[in-house]
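Shown below: upload-v4.txt, with compact mmCIF, C-alpha atoms.
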```txt
# COMPACT_ATOMS: atom_id res chain seq x y z
CA ARG A 225 173.54 82.42 115.00
CA GLN A 226 175.63 81.89 111.87
CA ILE A 227 173.01 79.54 110.46
CA THR A 228 170.27 82.06 111.25
CA ILE A 229 172.17 84.84 109.47
CA ILE A 230 172.58 82.62 106.40
CA GLU A 231 168.88 81.74 106.32
CA ASN A 232 167.85 85.36 106.95
CA VAL A 233 170.08 86.62 104.14
CA ALA A 234 168.76 84.06 101.66
CA ALA A 235 165.12 84.80 102.54
CA SER A 236 165.66 88.57 102.43
CA MET A 237 167.29 88.37 99.01
CA ARG A 238 164.37 86.34 97.67
CA LEU A 239 161.93 88.86 99.14
CA GLU A 240 163.84 91.57 97.25
CA GLY A 241 163.32 89.69 93.98
CA HIS A 242 166.60 87.77 93.66
CA GLU A 243 167.06 84.05 93.10
CA PHE A 244 169.13 83.15 96.13
CA SER A 245 169.62 79.89 97.99
CA ASP A 246 170.92 79.15 101.48
CA ARG A 247 174.10 77.89 99.83
CA ASP A 248 174.51 81.22 98.01
CA ALA A 249 174.14 83.01 101.33
CA MET A 250 176.60 80.62 103.00
CA ILE A 251 179.26 81.48 100.40
CA VAL A 252 178.68 85.21 100.88
CA VAL A 253 178.93 84.97 104.67
CA ALA A 254 182.09 82.87 104.40
CA ASN A 255 183.68 85.44 102.06
CA LEU A 256 182.53 88.48 104.00
CA SER A 257 185.68 88.80 106.09
CA THR A 258 187.97 88.36 103.09
CA GLY A 259 186.09 90.72 100.78
CA LYS A 260 185.96 88.11 98.01
CA LEU A 261 182.57 89.22 96.68
CA LYS A 262 182.27 89.06 92.90
CA THR A 263 178.91 90.63 91.99
CA ASN A 264 176.66 93.40 93.16
CA ARG A 265 174.10 90.79 94.21
CA GLU A 266 176.64 89.27 96.57
CA GLY A 267 177.42 92.79 97.82
CA VAL A 268 173.77 93.36 98.70
CA ALA A 269 173.64 90.06 100.57
CA ALA A 270 176.91 90.87 102.35
CA GLY A 271 175.54 94.21 103.53
CA TYR A 272 172.47 92.54 105.01
CA ALA A 273 174.60 89.86 106.68
CA SER A 274 177.00 92.39 108.18
CA VAL A 275 174.20 94.48 109.70
CA LEU A 276 172.55 91.39 111.21
CA ASP A 277 175.88 90.22 112.59
CA PHE A 278 176.43 93.64 114.18
CA ILE A 279 172.93 93.66 115.69
CA TYR A 280 173.23 90.15 117.12
CA LYS A 281 176.58 90.94 118.72
CA ASN A 282 176.09 94.56 119.81
CA HIS A 283 172.40 95.18 120.50
CA ASP A 284 173.07 95.56 124.22
CA TYR A 285 175.41 98.48 123.54
CA THR A 286 173.42 100.14 120.74
CA SER A 287 170.79 102.79 121.47
CA VAL A 288 167.29 102.89 120.03
CA SER A 289 167.60 106.16 118.12
CA GLY A 290 167.31 107.76 114.73
CA SER A 291 171.10 107.81 114.40
CA THR A 292 171.20 104.03 114.86
CA VAL A 293 168.61 103.53 112.12
CA ARG A 294 170.63 105.82 109.85
CA GLN A 295 173.73 103.75 110.54
CA PHE A 296 171.88 100.55 109.63
CA GLN A 297 170.81 102.24 106.39
CA ARG A 298 174.36 103.18 105.48
CA ASP A 299 175.83 99.80 106.41
CA LEU A 300 173.15 97.92 104.48
CA LEU A 301 174.55 99.25 101.20
CA LYS A 302 178.23 99.54 101.99
CA PHE A 303 179.03 96.56 99.74
CA GLY A 304 176.56 97.08 96.87
CA SER A 305 173.38 98.62 95.49
CA MET A 306 169.89 97.26 96.19
CA TYR A 307 168.80 97.86 92.59
CA PRO A 308 168.23 94.58 90.69
CA GLY A 309 169.26 96.34 87.46
CA SER A 310 172.86 96.50 88.64
CA GLU A 311 173.16 92.74 88.99
CA GLU A 312 176.00 92.50 86.47
CA THR A 313 178.13 95.12 88.18
CA GLU A 314 181.68 93.81 88.00
CA MET A 315 183.10 95.79 90.89
CA LEU A 316 181.90 95.09 94.38
CA VAL A 317 180.58 98.52 95.29
CA ALA A 318 178.09 100.21 92.95
CA GLU A 319 178.22 103.98 92.67
CA THR A 320 174.92 104.42 94.51
CA GLY A 321 175.95 101.92 97.14
CA ARG A 322 178.93 103.73 98.64
CA PRO A 323 178.21 104.81 102.19
CA GLU A 324 179.11 108.42 101.47
CA ALA A 325 176.68 108.48 98.54
CA ILE A 326 173.68 107.24 100.52
CA GLU A 327 171.11 109.71 101.77
CA THR A 328 171.10 109.22 105.53
CA ASP A 329 168.17 111.41 106.55
CA ILE A 330 165.00 109.67 107.64
CA SER A 331 161.54 111.18 107.58
CA PRO A 332 160.17 113.04 110.61
CA VAL A 333 157.44 110.40 110.92
CA THR A 334 159.96 107.56 111.19
CA ASP A 335 162.22 109.58 113.48
CA GLU A 336 159.32 110.27 115.85
CA ALA A 337 158.26 106.62 115.69
CA VAL A 338 161.74 105.53 116.85
CA VAL A 339 161.49 107.92 119.81
CA TRP A 340 158.01 106.56 120.60
CA VAL A 341 159.17 102.93 120.54
CA ASN A 342 162.06 103.75 122.86
CA ARG A 343 159.62 105.44 125.25
CA CYS A 344 157.36 102.38 125.13
CA PHE A 345 160.31 100.18 126.08
CA SER A 346 161.21 102.33 129.08
CA THR A 347 157.71 103.15 130.36
CA ARG A 348 155.72 100.09 129.16
CA ILE A 349 152.85 102.36 128.13
CA VAL A 350 152.43 99.89 125.26
CA HIS A 351 153.61 96.27 125.36
CA PRO A 352 156.98 96.00 123.55
CA LEU A 353 155.67 93.45 121.04
CA LEU A 354 152.76 95.71 120.11
CA ALA A 355 155.12 98.69 119.85
CA VAL A 356 157.45 96.82 117.48
CA ALA A 357 154.55 95.53 115.38
CA MET A 358 153.08 99.03 115.07
CA PHE A 359 156.47 100.56 114.29
CA ASN A 360 157.09 98.01 111.52
CA ALA A 361 153.73 98.75 109.89
CA LEU A 362 154.34 102.50 110.14
CA LEU A 363 157.83 102.20 108.67
CA LEU A 364 156.56 100.24 105.68
CA SER A 365 153.75 102.75 105.16
CA ASP A 366 156.04 105.78 105.50
CA ASN A 367 158.55 104.18 103.09
CA PRO A 368 161.43 106.49 104.10
CA PHE A 369 164.15 104.44 102.39
CA GLY A 370 162.49 103.71 99.04
CA GLU A 371 163.68 100.35 97.65
CA ARG A 372 165.52 99.71 100.92
CA THR A 373 162.51 100.13 103.22
CA ALA A 374 161.40 96.48 103.30
CA ALA A 375 164.90 95.23 104.12
CA MET A 376 165.32 98.00 106.69
CA SER A 377 162.02 97.04 108.33
CA ARG A 378 163.17 93.45 108.84
CA ILE A 379 166.55 94.55 110.19
CA THR A 380 165.09 97.18 112.50
CA SER A 381 162.38 94.83 113.79
CA GLN A 382 164.96 92.25 114.84
CA PHE A 383 167.03 94.94 116.54
CA LEU A 384 164.02 96.29 118.43
CA LEU A 385 162.92 92.82 119.52
CA LEU A 386 166.38 92.18 120.94
CA LYS A 387 166.32 95.54 122.73
CA ALA A 388 162.93 94.55 124.18
CA GLY A 389 164.50 91.44 125.70
CA TYR A 390 163.56 88.78 123.15
CA TYR A 391 167.05 87.32 123.06
CA PHE A 392 166.12 84.18 121.13
CA ILE A 393 165.72 86.14 117.87
CA PRO A 394 169.22 85.19 116.54
CA TYR A 395 168.61 81.47 116.90
CA CYS A 396 165.87 80.95 114.30
CA SER A 397 165.27 82.80 111.03
CA VAL A 398 162.61 85.51 111.20
CA ASP A 399 163.07 86.54 107.56
CA THR A 400 162.18 83.03 106.38
CA LEU A 401 158.83 83.37 108.13
CA PHE A 402 158.24 86.81 106.62
CA GLU A 403 158.94 85.22 103.24
CA GLN A 404 156.48 82.39 103.88
CA ASN A 405 153.81 84.82 105.11
CA SER A 406 154.54 87.75 102.80
CA ASP A 407 151.19 87.69 100.95
CA GLU A 408 149.18 87.51 104.15
CA TYR A 409 151.25 90.23 105.85
CA ASN A 410 150.98 92.55 102.84
CA ARG A 411 147.20 92.13 102.79
CA ALA A 412 147.13 92.93 106.51
CA LEU A 413 149.18 96.08 105.90
CA ALA A 414 146.75 97.14 103.17
CA ARG A 415 143.79 96.68 105.52
CA THR A 416 145.49 98.73 108.22
CA GLN A 417 145.48 101.84 105.97
CA ILE A 418 147.83 104.15 107.86
CA ASP A 419 147.18 107.79 107.02
CA PRO A 420 149.91 110.48 107.29
CA GLU A 421 148.34 112.03 110.40
CA LEU A 422 147.94 108.63 112.14
CA LYS A 423 144.30 109.33 112.97
CA ASN A 424 141.77 106.50 113.29
CA VAL A 425 144.24 103.85 112.23
CA ASN A 426 143.01 100.27 112.51
CA TRP A 427 146.23 98.66 113.73
CA GLN A 428 144.70 95.23 114.34
CA PRO A 429 145.32 93.57 110.94
CA ALA A 430 149.01 94.49 110.74
CA VAL A 431 149.70 93.86 114.42
CA THR A 432 147.89 90.51 114.44
CA SER A 433 149.77 89.30 111.34
CA PHE A 434 153.12 90.42 112.76
CA LEU A 435 152.48 88.69 116.08
CA ARG A 436 151.38 85.53 114.29
CA ILE A 437 154.77 85.45 112.54
CA LEU A 438 156.55 85.87 115.88
CA HIS A 439 154.47 83.06 117.34
CA GLN A 440 155.54 80.80 114.47
CA HIS A 441 159.13 81.84 115.19
CA LYS A 442 158.79 80.77 118.84
CA CYS A 443 157.23 77.44 117.85
CA GLN A 444 159.95 76.71 115.29
CA LEU A 445 162.66 77.48 117.82
CA SER A 446 160.98 75.19 120.36
CA ASP A 447 160.82 72.40 117.79
CA LYS A 448 164.47 72.97 116.90
CA LEU A 449 165.50 72.71 120.54
CA GLU A 450 163.59 69.46 120.88
CA ARG A 451 165.30 68.01 117.81
CA ILE A 452 168.81 68.76 119.00
CA LYS A 453 168.45 67.27 122.46
CA VAL A 454 171.11 64.62 123.03
CA PRO A 455 171.29 61.75 125.52
CA ALA A 456 172.76 62.26 128.98
CA GLY A 457 176.54 62.01 129.10
CA GLY A 458 177.05 64.91 126.77
CA MET A 459 179.01 65.36 123.58
CA ALA A 460 181.90 67.55 122.45
CA ASP A 461 180.95 71.06 121.30
CA LEU A 462 181.82 70.33 117.68
CA SER A 463 179.67 67.20 117.77
CA HIS A 464 176.77 69.32 119.00
CA GLN A 465 177.27 71.76 116.13
CA LEU A 466 177.50 69.03 113.51
CA LEU A 467 174.44 67.26 114.87
CA ASP A 468 172.52 70.53 114.78
CA LEU A 469 173.55 71.17 111.18
CA VAL A 470 172.60 67.70 109.97
CA ARG A 471 169.22 67.81 111.71
CA LEU A 472 168.55 71.31 110.39
CA LYS A 473 169.61 70.76 106.77
CA GLY A 474 169.22 66.99 106.38
CA ARG A 475 172.46 66.66 104.44
CA ILE A 476 175.72 68.61 104.58
CA THR A 477 179.17 68.23 103.03
CA VAL A 478 182.44 68.35 104.91
CA THR A 479 183.25 71.66 103.22
CA GLU A 480 179.94 73.19 104.27
CA ALA A 481 180.32 71.86 107.81
CA SER A 482 183.81 73.31 107.96
CA MET A 483 182.56 76.73 106.85
CA GLU A 484 179.66 76.67 109.31
CA THR A 485 181.69 75.57 112.33
CA ARG A 486 184.88 77.42 111.39
CA GLN A 487 186.89 74.26 111.93
CA SER A 488 189.33 72.64 109.54
CA PRO A 489 187.94 70.03 107.12
CA VAL A 490 190.36 67.47 108.62
CA LYS A 491 188.93 68.00 112.10
CA VAL A 492 185.34 67.92 110.85
CA ARG A 493 185.97 64.70 108.93
CA LYS A 494 187.46 63.14 112.06
CA TYR A 495 184.27 63.86 114.02
CA LEU A 496 182.05 62.67 111.21
CA ASP A 497 183.99 59.43 110.90
```
Would you write out, as structure tokens, the structure that this file holds?
Amino acid sequence: RQITIIENVAASMRLEGHEFSDRDAMIVVANLSTGKLKTNREGVAAGYASVLDFIYKNHDYTSVSGSTVRQFQRDLLKFGSMYPGSEETEMLVAETGRPEAIETDISPVTDEAVVWVNRCFSTRIVHPLLAVAMFNALLLSDNPFGERTAAMSRITSQFLLLKAGYYFIPYCSVDTLFEQNSDEYNRALARTQIDPELKNVNWQPAVTSFLRILHQHKCQLSDKLERIKVPAGGMADLSHQLLDLVRLKGRITVTEASMETRQSPVKVRKYLD
């Protein structure tokens, strides 16, 4: 899950217009608990990482509600502002990024959509995947969070998919696939043409594109599982983690492996030797 958070953060930052590598995201995630974040850009990335970490760990105990979405919105900016213009902010938290300064209301359309998705999950009047795909398109069209809407849509989609029982979401980066398919998905959203009254909406383009991304996610996870299979006889847990990292990234330093596995460099070097 830690690797997925790192890849999601890096992809999300690039989608928001920042130059950001997986290594940049790795440093931010490693420093998140210590608060050693130097720029506003790192603060933005830290906010995204912290919300994802919360969702992955606590989705079972978190309700599908407007208050939950509001909480995600506040936590997204608790370390920094989303505005690219504040990149050189010296202090960690920009004035507009403090939780108490963030407008927490969401539009009636989005609020009603959250209620509708929750009803779909409990009654199955619409398949959960279709409900999440439609909600994501509606959220992006409604644009209730301004510059934060796109990031909020990716966060909320992952949360809703986990609530719908798709528990493999934290084990392969969804945001990376949204980045790779961003042009196609944006064209699909434009063809969907959601009007404010939600009458005669052609949901097919947006839903089909969203589901195609999820299908790619499933295929990538399947490929990843095939790559990390090890011979019978088993290996130590740390060996599994290191093998996974090397196969995923191709090359990794002892320092990076230590950060990823949360083991001392001495212990990591011992396993690598």
Around the point (148.4, 100.2, 109.2), in the coordinates given by the file, pick out the residues reaching within 6 Å, counting all atoms listed in the file, and return them as a list of chain:residue names. A:Ala361, A:Leu413, A:Thr416, A:Gln417, A:Ile418, A:Trp427, A:Ala430
Write the residues of the selection above to a file with C-alpha atoms, as a PDB file, keeping the file's coordinate frame.
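New file selection08.pdb:
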```pdb
ATOM      1  CA  ALA A 361     153.730  98.750 109.890  1.00  0.00           C
ATOM      2  CA  LEU A 413     149.180  96.080 105.900  1.00  0.00           C
ATOM      3  CA  THR A 416     145.490  98.730 108.220  1.00  0.00           C
ATOM      4  CA  GLN A 417     145.480 101.840 105.970  1.00  0.00           C
ATOM      5  CA  ILE A 418     147.830 104.150 107.860  1.00  0.00           C
ATOM      6  CA  TRP A 427     146.230  98.660 113.730  1.00  0.00           C
ATOM      7  CA  ALA A 430     149.010  94.490 110.740  1.00  0.00           C
TER       8      ALA A 430
END
```
Identify which of the residues A:Leu239, A:His464, A:Val431, A:Met376 lies closest to A:Asp407, counting only C-alpha atoms when measuring atom-to-atom distances. A:Leu239
Please compute the atom CA of A:Arg411-atom CA of A:Asn426 distance, one decimal, in Å. 13.4 Å
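A straight line drawn from atom CA of A:Val341 to atom CA of A:Phe359 is 7.2 Å long.
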At a cut-off of 12 Å from (163.2, 93.6, 113.5) in the coordinates of the file, what residues are picked up using only C-alpha atoms, written as a ChimeraX atom specification? /A:232,275-276,279-280,283,293,296,353,355-361,363,374-388,390,393-394,397-399,402,434,437-438
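Restricting the calculation to all atoms listed in the file, the smallest distance between A:Glu266 and any of A:Asn410, A:Gln297, A:Ser245, A:Thr292 is found for A:Ser245.
Proximity of A:Ser274, A:Gln465, A:Ser257, A:Thr373 to A:Lys302, computed with all atoms listed in the file, is greatest for A:Ser274.
Ranking A:Leu449, A:Ala249, A:Ala273, A:Ala235 by their shortest atom-to-atom distance to A:Glu403, with only C-alpha atoms included, puts A:Ala235 first.
The nearest approach to A:Phe392 among the residues A:Lys262, A:Arg225, A:His351, A:Lys491, with only C-alpha atoms taken into account, belongs to A:Arg225.
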Using only C-alpha atoms, find the one residue out of A:Leu466, A:Val338, A:Leu401, A:Leu300 that sits nearest to A:Arg372. A:Leu300
Give the padded box for stretch 336-340 of chain A as AutoDock Vina command-line options: axis-aligned, covering all atoms listed in the file, 3 Å on each side, centre and edge lengths in Å to one decimal.
```
--center_x 159.9 --center_y 107.9 --center_z 118.1 --size_x 9.7 --size_y 10.7 --size_z 10.9
```
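You will find atom CA of A:Val478 at 17.7 Å from atom CA of A:Val252.
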